[in-house]
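Below: work.cif (mmCIF, C-alpha atoms)
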```
data_protein
#
loop_
_atom_site.label_atom_id
_atom_site.label_comp_id
_atom_site.auth_asym_id
_atom_site.auth_seq_id
_atom_site.Cartn_x
_atom_site.Cartn_y
_atom_site.Cartn_z
CA MET U 18 26.25 29.58 -18.38
CA PRO U 19 28.39 26.56 -17.54
CA SER U 20 26.63 23.27 -17.01
CA THR U 21 26.31 22.27 -13.38
CA HIS U 22 26.15 18.61 -14.43
CA THR U 23 29.23 16.83 -13.12
CA THR U 24 30.71 14.21 -15.41
CA ARG U 25 30.12 10.76 -13.97
CA PRO U 26 31.40 7.41 -15.15
CA VAL U 27 28.79 5.51 -17.12
CA VAL U 28 27.31 2.65 -15.09
CA PRO U 29 27.44 -0.73 -16.91
CA ILE U 30 24.01 -2.37 -16.68
CA ALA U 31 22.92 -6.03 -16.94
CA VAL U 32 19.30 -7.11 -17.09
CA LEU U 33 18.24 -10.58 -15.92
CA VAL U 34 15.04 -11.86 -17.52
CA SER U 35 12.87 -14.95 -17.86
CA GLY U 36 9.92 -13.77 -19.93
CA ARG U 37 8.60 -11.10 -22.23
CA GLY U 38 10.79 -8.30 -20.86
CA SER U 39 8.45 -5.36 -21.21
CA ASN U 40 10.32 -3.56 -18.44
CA LEU U 41 13.58 -4.36 -20.20
CA GLU U 42 12.19 -2.61 -23.27
CA ALA U 43 11.14 0.45 -21.26
CA ILE U 44 14.66 0.73 -19.84
CA LEU U 45 16.43 0.24 -23.17
CA GLU U 46 14.18 2.89 -24.71
CA ALA U 47 14.93 5.25 -21.83
CA ILE U 48 18.64 4.81 -22.59
CA ASP U 49 18.08 5.31 -26.35
CA LYS U 50 16.09 8.48 -25.69
CA LYS U 51 18.75 9.77 -23.27
CA TYR U 52 16.34 9.84 -20.35
CA ILE U 53 19.01 7.67 -18.71
CA THR U 54 22.36 9.24 -19.64
CA ASN U 55 24.76 7.68 -17.16
CA GLY U 56 23.97 4.02 -17.82
CA ALA U 57 24.82 1.63 -20.66
CA ALA U 58 23.19 -1.78 -21.21
CA LYS U 59 25.98 -4.33 -21.51
CA VAL U 60 24.18 -7.67 -21.47
CA VAL U 61 20.77 -9.30 -21.11
CA ILE U 62 20.80 -12.76 -19.57
CA SER U 63 17.85 -15.15 -19.69
CA ASN U 64 17.49 -18.42 -17.79
CA ARG U 65 14.99 -19.53 -20.41
CA PRO U 66 16.09 -20.11 -23.99
CA ASP U 67 12.72 -18.98 -25.41
CA ALA U 68 12.27 -15.72 -23.46
CA PRO U 69 10.90 -13.06 -25.84
CA ALA U 70 13.02 -10.56 -23.89
CA LEU U 71 16.05 -11.91 -25.78
CA ASP U 72 14.61 -10.52 -29.03
CA ILE U 73 14.11 -7.13 -27.41
CA ALA U 74 17.78 -7.12 -26.39
CA ARG U 75 18.88 -8.04 -29.93
CA LYS U 76 16.64 -5.35 -31.43
CA HIS U 77 18.48 -2.81 -29.28
CA ASN U 78 21.89 -4.30 -30.15
CA VAL U 79 22.51 -5.50 -26.60
CA PRO U 80 24.25 -8.91 -26.25
CA ALA U 81 21.53 -11.48 -25.45
CA LYS U 82 22.80 -14.47 -23.50
CA ILE U 83 21.10 -17.67 -22.47
CA LEU U 84 22.07 -19.51 -19.30
CA ASP U 85 19.57 -22.35 -19.33
CA ASP U 86 18.60 -23.38 -15.79
CA HIS U 87 16.56 -26.39 -16.83
CA GLY U 88 16.67 -28.99 -14.07
CA LEU U 89 18.30 -26.70 -11.53
CA PRO U 90 16.62 -25.47 -8.34
CA LYS U 91 15.18 -21.91 -8.35
CA LYS U 92 17.98 -20.89 -6.02
CA SER U 93 21.44 -22.20 -6.84
CA TRP U 94 24.88 -20.86 -6.07
CA GLU U 95 26.31 -23.01 -8.85
CA TYR U 96 23.99 -21.32 -11.35
CA ASP U 97 24.57 -17.86 -9.87
CA GLN U 98 28.33 -18.32 -10.26
CA ARG U 99 27.82 -18.91 -13.99
CA THR U 100 25.76 -15.72 -14.10
CA ILE U 101 28.43 -13.76 -12.23
CA ARG U 102 31.09 -14.98 -14.67
CA LEU U 103 28.99 -13.80 -17.61
CA LEU U 104 28.31 -10.46 -15.91
CA GLN U 105 32.01 -9.89 -15.37
CA GLU U 106 32.86 -10.89 -18.94
CA HIS U 107 30.52 -8.11 -20.07
CA GLY U 108 31.98 -5.54 -17.72
CA VAL U 109 29.18 -5.51 -15.16
CA LYS U 110 31.33 -5.78 -12.05
CA SER U 111 30.41 -5.67 -8.41
CA GLN U 112 32.32 -2.41 -7.81
CA ASP U 113 30.52 -0.26 -10.38
CA GLY U 114 27.87 -2.31 -12.20
CA LEU U 115 24.09 -2.37 -11.89
CA ILE U 116 21.91 -5.47 -12.20
CA LEU U 117 18.22 -5.12 -12.99
CA LEU U 118 15.77 -7.96 -12.46
CA SER U 119 12.92 -7.79 -14.93
CA GLY U 120 10.48 -10.65 -14.57
CA TYR U 121 13.33 -12.91 -13.46
CA PHE U 122 11.83 -16.12 -12.12
CA ARG U 123 14.80 -17.19 -10.05
CA ILE U 124 15.76 -16.43 -6.47
CA LEU U 125 19.26 -15.03 -6.02
CA THR U 126 21.50 -16.70 -3.48
CA PRO U 127 22.70 -14.60 -0.50
CA GLU U 128 26.24 -14.94 -1.92
CA PHE U 129 25.22 -13.29 -5.22
CA VAL U 130 23.28 -10.56 -3.41
CA GLY U 131 26.18 -10.00 -1.00
CA LEU U 132 28.69 -9.66 -3.83
CA TYR U 133 26.60 -7.03 -5.67
CA GLU U 134 25.34 -5.39 -2.48
CA ARG U 135 23.06 -2.38 -3.15
CA ARG U 136 23.69 -2.81 -6.88
CA ILE U 137 20.72 -5.05 -7.74
CA LEU U 138 17.24 -3.63 -8.36
CA ASN U 139 13.89 -5.34 -8.80
CA ILE U 140 10.39 -4.16 -9.65
CA HIS U 141 7.37 -5.68 -7.93
CA PRO U 142 3.73 -5.22 -8.99
CA ALA U 143 2.37 -4.14 -5.58
CA LEU U 144 3.04 -1.53 -2.91
CA LEU U 145 5.45 -3.49 -0.75
CA PRO U 146 5.36 -4.62 2.03
CA ALA U 147 1.81 -5.49 0.88
CA PHE U 148 1.43 -8.52 -1.41
CA PRO U 149 5.00 -9.80 -1.72
CA GLY U 150 5.88 -12.91 -3.69
CA LEU U 151 4.08 -14.41 -6.64
CA ASN U 152 0.79 -13.25 -8.18
CA ALA U 153 0.81 -9.91 -6.40
CA GLN U 154 -2.02 -8.54 -8.55
CA LYS U 155 -4.27 -11.52 -7.76
CA GLN U 156 -3.38 -11.21 -4.08
CA ALA U 157 -4.46 -7.54 -4.13
CA LEU U 158 -7.74 -8.36 -5.88
CA ASP U 159 -8.55 -11.29 -3.60
CA HIS U 160 -7.77 -9.20 -0.53
CA GLY U 161 -10.15 -6.51 -1.74
CA ALA U 162 -7.51 -3.74 -1.80
CA LYS U 163 -8.72 -0.49 -3.37
CA VAL U 164 -5.21 0.77 -4.00
CA THR U 165 -2.23 -1.26 -5.09
CA GLY U 166 0.71 -0.23 -7.29
CA CYS U 167 4.32 -1.02 -8.00
CA THR U 168 7.63 -0.80 -6.18
CA VAL U 169 11.24 -0.55 -7.31
CA HIS U 170 13.52 -1.76 -4.53
CA PHE U 171 17.05 -2.87 -3.84
CA VAL U 172 17.34 -6.63 -3.69
CA ASP U 173 18.46 -7.95 -0.34
CA LYS U 174 18.66 -11.50 0.99
CA GLY U 175 14.89 -11.81 1.53
CA VAL U 176 12.10 -12.00 -1.05
CA ASP U 177 10.77 -8.52 -1.91
CA THR U 178 12.08 -7.11 1.38
CA GLY U 179 14.90 -4.76 0.31
CA PRO U 180 14.94 -0.97 0.76
CA ILE U 181 12.30 0.77 -1.36
CA ILE U 182 13.47 3.27 -3.99
CA LEU U 183 10.22 4.35 -5.64
CA GLN U 184 6.54 3.43 -5.43
CA THR U 185 3.50 4.44 -7.44
CA PRO U 186 -0.08 3.79 -6.39
CA VAL U 187 -2.60 2.31 -8.84
CA PRO U 188 -6.36 2.18 -8.14
CA VAL U 189 -8.22 -1.13 -8.17
CA ARG U 190 -11.61 -0.97 -9.89
CA ASP U 191 -14.69 -2.99 -9.01
CA ASP U 192 -14.73 -4.64 -12.44
CA ASP U 193 -11.00 -5.41 -12.53
CA THR U 194 -9.71 -8.84 -13.43
CA VAL U 195 -6.14 -9.95 -12.82
CA GLU U 196 -5.48 -9.06 -16.48
CA THR U 197 -6.91 -5.52 -16.46
CA LEU U 198 -5.27 -4.70 -13.13
CA SER U 199 -1.92 -6.13 -14.24
CA GLN U 200 -2.05 -4.01 -17.40
CA ARG U 201 -2.80 -0.83 -15.44
CA ILE U 202 0.09 -1.55 -13.05
CA LEU U 203 2.42 -2.44 -15.93
CA ARG U 204 1.95 0.98 -17.51
CA GLU U 205 3.22 2.51 -14.28
CA GLU U 206 6.09 0.01 -14.05
CA HIS U 207 7.32 1.17 -17.46
CA ARG U 208 7.57 4.70 -16.13
CA LEU U 209 8.84 3.85 -12.63
CA TYR U 210 11.69 1.45 -13.40
CA PRO U 211 13.53 3.81 -15.81
CA GLU U 212 13.11 6.60 -13.26
CA ALA U 213 14.75 4.46 -10.56
CA VAL U 214 17.59 3.49 -12.92
CA ARG U 215 18.12 7.14 -13.73
CA LEU U 216 18.34 8.05 -10.05
CA PHE U 217 20.77 5.20 -9.40
CA THR U 218 23.05 5.89 -12.37
CA ASP U 219 23.04 9.62 -11.60
CA GLY U 220 24.29 8.78 -8.10
CA MET U 221 21.23 10.32 -6.50
CA LEU U 222 20.37 7.56 -4.02
CA THR U 223 21.56 7.08 -0.49
CA VAL U 224 20.38 4.40 1.93
CA LYS U 225 19.87 5.22 5.60
CA GLU U 226 18.80 2.14 7.57
CA ARG U 227 15.78 0.99 5.54
CA ARG U 228 15.07 4.37 3.96
CA VAL U 229 16.28 5.28 0.49
CA LEU U 230 16.71 9.04 0.25
CA LEU U 231 17.66 11.39 -2.55
CA VAL U 232 21.14 12.87 -2.16
CA GLU U 233 20.75 16.55 -1.28
CA MET R 13 -38.31 16.45 -13.54
CA PRO R 14 -39.02 14.07 -10.66
CA SER R 15 -36.16 13.14 -8.38
CA THR R 16 -34.71 9.71 -9.03
CA HIS R 17 -33.54 9.56 -5.42
CA THR R 18 -35.36 6.77 -3.66
CA THR R 19 -36.40 7.51 -0.09
CA ARG R 20 -34.38 5.44 2.35
CA PRO R 21 -34.72 5.14 6.10
CA VAL R 22 -32.18 7.30 7.91
CA VAL R 23 -29.38 5.20 9.44
CA PRO R 24 -28.81 5.91 13.17
CA ILE R 25 -25.08 6.43 13.75
CA ALA R 26 -22.94 6.07 16.88
CA VAL R 27 -19.29 7.12 17.06
CA LEU R 28 -16.90 5.51 19.53
CA VAL R 29 -13.94 7.68 20.49
CA SER R 30 -11.01 7.92 22.88
CA GLY R 31 -9.20 11.08 21.85
CA ARG R 32 -9.45 14.31 19.93
CA GLY R 33 -12.06 13.08 17.44
CA SER R 34 -11.00 14.95 14.33
CA ASN R 35 -12.62 12.30 12.16
CA LEU R 36 -15.76 12.60 14.30
CA GLU R 37 -15.82 16.29 13.47
CA ALA R 38 -15.40 15.63 9.74
CA ILE R 39 -18.35 13.24 9.82
CA LEU R 40 -20.62 15.52 11.86
CA GLU R 41 -19.81 18.37 9.47
CA ALA R 42 -20.60 16.14 6.50
CA ILE R 43 -24.00 15.47 8.04
CA ASP R 44 -24.58 19.18 8.78
CA LYS R 45 -23.66 20.09 5.20
CA LYS R 46 -25.93 17.36 3.82
CA TYR R 47 -23.05 15.54 2.16
CA ILE R 48 -24.38 12.59 4.19
CA THR R 49 -28.17 12.73 3.89
CA ASN R 50 -29.24 9.26 5.01
CA GLY R 51 -27.47 9.15 8.36
CA ALA R 52 -28.11 10.81 11.72
CA ALA R 53 -25.62 10.95 14.61
CA LYS R 54 -27.41 9.61 17.69
CA VAL R 55 -24.64 9.30 20.26
CA VAL R 56 -20.90 9.68 20.80
CA ILE R 57 -19.39 7.37 23.41
CA SER R 58 -15.93 7.84 24.90
CA ASN R 59 -14.06 5.39 27.11
CA ARG R 60 -12.03 8.32 28.45
CA PRO R 61 -13.69 11.03 30.49
CA ASP R 62 -11.36 13.73 29.16
CA ALA R 63 -11.56 12.99 25.43
CA PRO R 64 -11.75 16.30 23.51
CA ALA R 65 -14.07 14.49 21.08
CA LEU R 66 -16.83 14.82 23.68
CA ASP R 67 -16.77 18.59 23.23
CA ILE R 68 -17.05 18.20 19.49
CA ALA R 69 -20.14 16.06 19.98
CA ARG R 70 -21.71 18.64 22.32
CA LYS R 71 -20.92 21.46 19.87
CA HIS R 72 -22.93 19.56 17.25
CA ASN R 73 -25.74 18.79 19.72
CA VAL R 74 -25.06 15.08 19.71
CA PRO R 75 -25.43 13.29 23.08
CA ALA R 76 -21.90 12.78 24.50
CA LYS R 77 -21.59 9.82 26.83
CA ILE R 78 -18.71 8.60 28.96
CA LEU R 79 -18.23 4.93 29.71
CA ASP R 80 -15.01 5.04 31.70
CA ASP R 81 -12.94 1.88 31.16
CA HIS R 82 -10.32 2.73 33.78
CA GLY R 83 -8.86 -0.48 35.18
CA LEU R 84 -10.53 -2.72 32.60
CA PRO R 85 -8.64 -4.71 29.96
CA LYS R 86 -8.52 -3.29 26.42
CA LYS R 87 -10.86 -6.07 25.32
CA SER R 88 -13.76 -6.83 27.63
CA TRP R 89 -17.17 -8.33 26.95
CA GLU R 90 -18.42 -6.86 30.22
CA TYR R 91 -17.47 -3.37 29.02
CA ASP R 92 -18.79 -4.01 25.50
CA GLN R 93 -22.15 -5.02 26.96
CA ARG R 94 -22.39 -1.64 28.67
CA THR R 95 -21.60 -0.01 25.33
CA ILE R 96 -24.25 -2.07 23.55
CA ARG R 97 -26.85 -1.09 26.15
CA LEU R 98 -26.03 2.59 25.60
CA LEU R 99 -26.14 2.17 21.82
CA GLN R 100 -29.55 0.59 21.99
CA GLU R 101 -30.88 3.26 24.35
CA HIS R 102 -29.93 5.79 21.68
CA GLY R 103 -31.55 3.87 18.87
CA VAL R 104 -28.38 2.47 17.29
CA LYS R 105 -29.52 -1.11 16.95
CA SER R 106 -27.83 -4.08 15.34
CA GLN R 107 -30.51 -4.39 12.64
CA ASP R 108 -30.22 -0.90 11.17
CA GLY R 109 -27.56 1.09 13.02
CA LEU R 110 -24.01 2.07 12.08
CA ILE R 111 -21.07 2.25 14.48
CA LEU R 112 -18.01 4.30 13.57
CA LEU R 113 -14.71 3.90 15.34
CA SER R 114 -12.75 7.13 15.38
CA GLY R 115 -9.49 6.86 17.28
CA TYR R 116 -11.07 4.31 19.60
CA PHE R 117 -8.31 2.75 21.68
CA ARG R 118 -10.16 -0.38 22.63
CA ILE R 119 -10.43 -3.76 20.91
CA LEU R 120 -13.97 -4.95 20.33
CA THR R 121 -14.86 -8.46 21.47
CA PRO R 122 -15.93 -10.99 18.81
CA GLU R 123 -19.37 -10.98 20.45
CA PHE R 124 -19.79 -7.23 19.88
CA VAL R 125 -18.50 -7.49 16.31
CA GLY R 126 -20.74 -10.49 15.65
CA LEU R 127 -23.84 -8.67 16.93
CA TYR R 128 -23.25 -5.63 14.70
CA GLU R 129 -21.89 -7.66 11.81
CA ARG R 130 -20.96 -5.50 8.78
CA ARG R 131 -22.29 -2.44 10.63
CA ILE R 132 -19.04 -1.26 12.26
CA LEU R 133 -16.50 0.84 10.34
CA ASN R 134 -12.98 1.90 11.24
CA ILE R 135 -10.39 4.16 9.65
CA HIS R 136 -6.71 3.22 9.69
CA PRO R 137 -3.79 5.52 8.78
CA ALA R 138 -2.11 3.16 6.27
CA LEU R 139 -2.95 1.22 3.12
CA LEU R 140 -3.97 -2.06 4.73
CA PRO R 141 -2.85 -4.85 4.74
CA ALA R 142 0.40 -2.85 5.09
CA PHE R 143 1.22 -1.45 8.55
CA PRO R 144 -1.69 -2.70 10.68
CA GLY R 145 -1.92 -2.02 14.40
CA LEU R 146 -0.49 0.86 16.36
CA ASN R 147 1.76 3.66 15.05
CA ALA R 148 1.05 2.91 11.40
CA GLN R 149 2.65 6.16 10.25
CA LYS R 150 5.88 5.42 12.12
CA GLN R 151 5.86 1.87 10.76
CA ALA R 152 5.61 3.24 7.20
CA LEU R 153 8.44 5.72 7.77
CA ASP R 154 10.71 3.14 9.42
CA HIS R 155 10.04 0.65 6.63
CA GLY R 156 11.02 3.26 4.06
CA ALA R 157 7.67 3.15 2.21
CA LYS R 158 7.32 5.83 -0.47
CA VAL R 159 3.53 5.57 -0.54
CA THR R 160 1.23 5.02 2.40
CA GLY R 161 -2.31 6.29 2.94
CA CYS R 162 -5.53 5.54 4.77
CA THR R 163 -8.15 2.83 4.73
CA VAL R 164 -11.82 2.70 5.75
CA HIS R 165 -12.81 -0.89 6.42
CA PHE R 166 -15.50 -2.99 8.02
CA VAL R 167 -14.47 -4.23 11.45
CA ASP R 168 -14.24 -7.98 11.73
CA LYS R 169 -12.91 -10.17 14.51
CA GLY R 170 -9.24 -9.48 13.71
CA VAL R 171 -7.26 -6.27 14.12
CA ASP R 172 -7.42 -4.14 10.95
CA THR R 173 -8.29 -7.18 8.85
CA GLY R 174 -11.90 -6.53 7.76
CA PRO R 175 -13.10 -5.95 4.18
CA ILE R 176 -11.79 -2.69 2.72
CA ILE R 177 -14.31 -0.05 1.66
CA LEU R 178 -12.12 2.83 0.49
CA GLN R 179 -8.41 3.63 0.37
CA THR R 180 -6.45 6.74 -0.57
CA PRO R 181 -2.72 6.82 -1.21
CA VAL R 182 -0.52 9.48 0.38
CA PRO R 183 3.12 10.07 -0.64
CA VAL R 184 5.92 9.85 1.92
CA ARG R 185 8.54 12.58 1.55
CA ASP R 186 12.24 12.28 2.35
CA ASP R 187 11.99 14.96 5.04
CA ASP R 188 8.84 13.60 6.66
CA THR R 189 8.61 13.08 10.38
CA VAL R 190 5.87 11.05 12.05
CA GLU R 191 4.07 14.36 12.66
CA THR R 192 4.19 15.75 9.12
CA LEU R 193 3.23 12.40 7.61
CA SER R 194 0.39 11.91 10.10
CA GLN R 195 -0.96 15.37 9.25
CA ARG R 196 -0.87 14.68 5.52
CA ILE R 197 -2.69 11.37 6.01
CA LEU R 198 -5.20 12.96 8.40
CA ARG R 199 -6.30 15.45 5.74
CA GLU R 200 -7.18 12.50 3.51
CA GLU R 201 -8.91 10.68 6.38
CA HIS R 202 -11.24 13.66 6.83
CA ARG R 203 -12.33 13.29 3.22
CA LEU R 204 -12.37 9.49 3.07
CA TYR R 205 -14.34 8.58 6.19
CA PRO R 206 -17.38 10.78 5.35
CA GLU R 207 -17.35 9.35 1.83
CA ALA R 208 -17.46 5.79 3.20
CA VAL R 209 -20.28 6.73 5.59
CA ARG R 210 -22.19 8.24 2.71
CA LEU R 211 -21.82 5.08 0.62
CA PHE R 212 -22.91 2.92 3.56
CA THR R 213 -25.92 5.03 4.52
CA ASP R 214 -27.00 5.32 0.88
CA GLY R 215 -27.02 1.51 0.72
CA MET R 216 -24.35 1.49 -1.98
CA LEU R 217 -22.05 -1.20 -0.55
CA THR R 218 -22.13 -4.93 -1.06
CA VAL R 219 -19.57 -7.42 0.22
CA LYS R 220 -18.51 -10.38 -1.95
CA GLU R 221 -16.04 -12.57 -0.09
CA ARG R 222 -13.39 -10.04 0.92
CA ARG R 223 -14.23 -7.48 -1.75
CA VAL R 224 -16.47 -4.51 -1.05
CA LEU R 225 -18.19 -3.46 -4.27
CA LEU R 226 -20.52 -0.62 -5.19
CA VAL R 227 -24.09 -1.75 -5.84
CA GLU R 228 -24.75 -1.46 -9.58
#
```
As structure tokens:
Amino acid sequence: MPSTHTTRPVVPIAVLVSGRGSNLEAILEAIDKKYITNGAAKVVISNRPDAPALDIARKHNVPAKILDDHGLPKKSWEYDQRTIRLLQEHGVKSQDGLILLSGYFRILTPEFVGLYERRILNIHPALLPAFPGLNAQKQALDHGAKVTGCTVHFVDKGVDTGPIILQTPVPVRDDDTVETLSQRILREEHRLYPEAVRLFTDGMLTVKERRVLLVE
Amino acid sequence: MPSTHTTRPVVPIAVLVSGRGSNLEAILEAIDKKYITNGAAKVVISNRPDAPALDIARKHNVPAKILDDHGLPKKSWEYDQRTIRLLQEHGVKSQDGLILLSGYFRILTPEFVGLYERRILNIHPALLPAFPGLNAQKQALDHGAKVTGCTVHFVDKGVDTGPIILQTPVPVRDDDTVETLSQRILREEHRLYPEAVRLFTDGMLTVKERRVLLVE
């Protein structure tokens, strides 16, 4: 029986990191294991020279680049332009590339987001629109939520406001601390983010107003 | 073997309704089936003379009262005082009673809420704090949420802001309409609200700042 799988061009992927990069690792492993077949990691860029995520990139033979943002504001078009140059040097272009934020502690300028429109994904440790911004797990605990979770979404010009691709709920327990809850959510993140990347690189996503739907 | 179940006074329950009362029915059935053993329904009060919920009350032999609010504002201390009088006549007092809102299209005054502090519950068809207020299911769909759900919470002086007792997640499907999503959430509501009433009437809930915890 002939395969019904159409041949698609491989999507060049960049991952922007600031920290440990556990989601980066989940995605690189998903590529290694051929869970993601239509995406190739081209570069990992960190704004912090000491981000452990850089070692994860090197371990997987992905170019690991540092663009130190020391002394720059959290949102800077000057800095973003340096990032864009590096992305393009590694073949992650605005026409066909994919940018994944993975614990990236910078805010992208509207210019950067506009250039790579609908080609930048982020993962957030809450069920957006609940608990956006920093310390989402602590926000959920302090609010007394019984269910929180994680969200993979397109990045738009707001903070954690872009169209939602996938969400998974995670229960909050009475004896949870920020640490135990964060760990439980993180396990789901490591499953959810590769799944979203697979859907994107397989060309399965379409956006209708705010709703992200699977292509029929 | 002796029962370890301590004898507790039965909690007198009132249910305030405006519409069909499907959650009312779930709760009355939970009492009939002895899923809820420490609560007794004393009165159902509707602000609308034609609420189908009144028939459900009568079918279960619970006094069904009409307090028509025609021409009154949605929030009225004068009206609430009439409600309180009726509650007290039926033995649902602020010291030991429990008030359940079930599709009640009125806003309680701070005076009413203050009198029955931590003794009024509501169910909301979303995972609060996401999508508070009216048309929560449509809000979730329009926002493109992939997970929504329902929430049982204590009523405080805000709208849908009180401490959360229980939540259940419900997936949103690509082909959902407001109707199909509402139905899927409603099935969970019918399970969740009786469970919250059981925990309350069994004296299992304690509130610590915003967090509602099970008594150890």
Exercise. Quick one: which residues from chain U are at most 12 Å off chain R, using only C-alpha atoms, as a ChimeraX atom specification?
Worked result: /U:143-149,156-171,178-193,222-233
Problem set entry | Test item: residues at most 6 Å from stretch 103-120 of chain U, all atoms listed in the file, excluding those fewer than 2 positions along its chain, as a list in words |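 Surrounding residues, per the criterion: Val28, Pro29, Ile30, Ala31, Val32, Leu33, Val34, Ser35, Thr100, Ile101, Tyr133, Arg136, Ile137, Leu138 and Asn139 of chain U.
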Generate a file of the selected residues that holds C-alpha atoms, formatted as a PDB file, in the coordinates of the input.
```pdb
ATOM      1  CA  VAL U  28      27.310   2.650 -15.090  1.00  0.00           C
ATOM      2  CA  PRO U  29      27.440  -0.730 -16.910  1.00  0.00           C
ATOM      3  CA  ILE U  30      24.010  -2.370 -16.680  1.00  0.00           C
ATOM      4  CA  ALA U  31      22.920  -6.030 -16.940  1.00  0.00           C
ATOM      5  CA  VAL U  32      19.300  -7.110 -17.090  1.00  0.00           C
ATOM      6  CA  LEU U  33      18.240 -10.580 -15.920  1.00  0.00           C
ATOM      7  CA  VAL U  34      15.040 -11.860 -17.520  1.00  0.00           C
ATOM      8  CA  SER U  35      12.870 -14.950 -17.860  1.00  0.00           C
ATOM      9  CA  THR U 100      25.760 -15.720 -14.100  1.00  0.00           C
ATOM     10  CA  ILE U 101      28.430 -13.760 -12.230  1.00  0.00           C
ATOM     11  CA  TYR U 133      26.600  -7.030  -5.670  1.00  0.00           C
ATOM     12  CA  ARG U 136      23.690  -2.810  -6.880  1.00  0.00           C
ATOM     13  CA  ILE U 137      20.720  -5.050  -7.740  1.00  0.00           C
ATOM     14  CA  LEU U 138      17.240  -3.630  -8.360  1.00  0.00           C
ATOM     15  CA  ASN U 139      13.890  -5.340  -8.800  1.00  0.00           C
TER      16      ASN U 139
END
```
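Atom CA of U:Val60 lies 11.2 Å from atom CA of U:Leu45.
We find atom CA of U:Gly175 and atom CA of U:Met221 to be spaced 24.4 Å apart.
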For this session: Would you mind reading off the distance between atom CA of R:Glu200 and atom CA of R:Asn73, one decimal, in Å?
Result: 25.4 Å
Where's the centre, and what are the edge lengths in Å to one decimal, of a box along x, y and z enclosing all listed atoms of stretch 153-172 of chain U padded 4 Å per side, as lines of an AutoDock Vina configuration file?
```
center_x = 3.6
center_y = -5.4
center_z = -4.5
size_x = 35.5
size_y = 20.3
size_z = 16.0
```
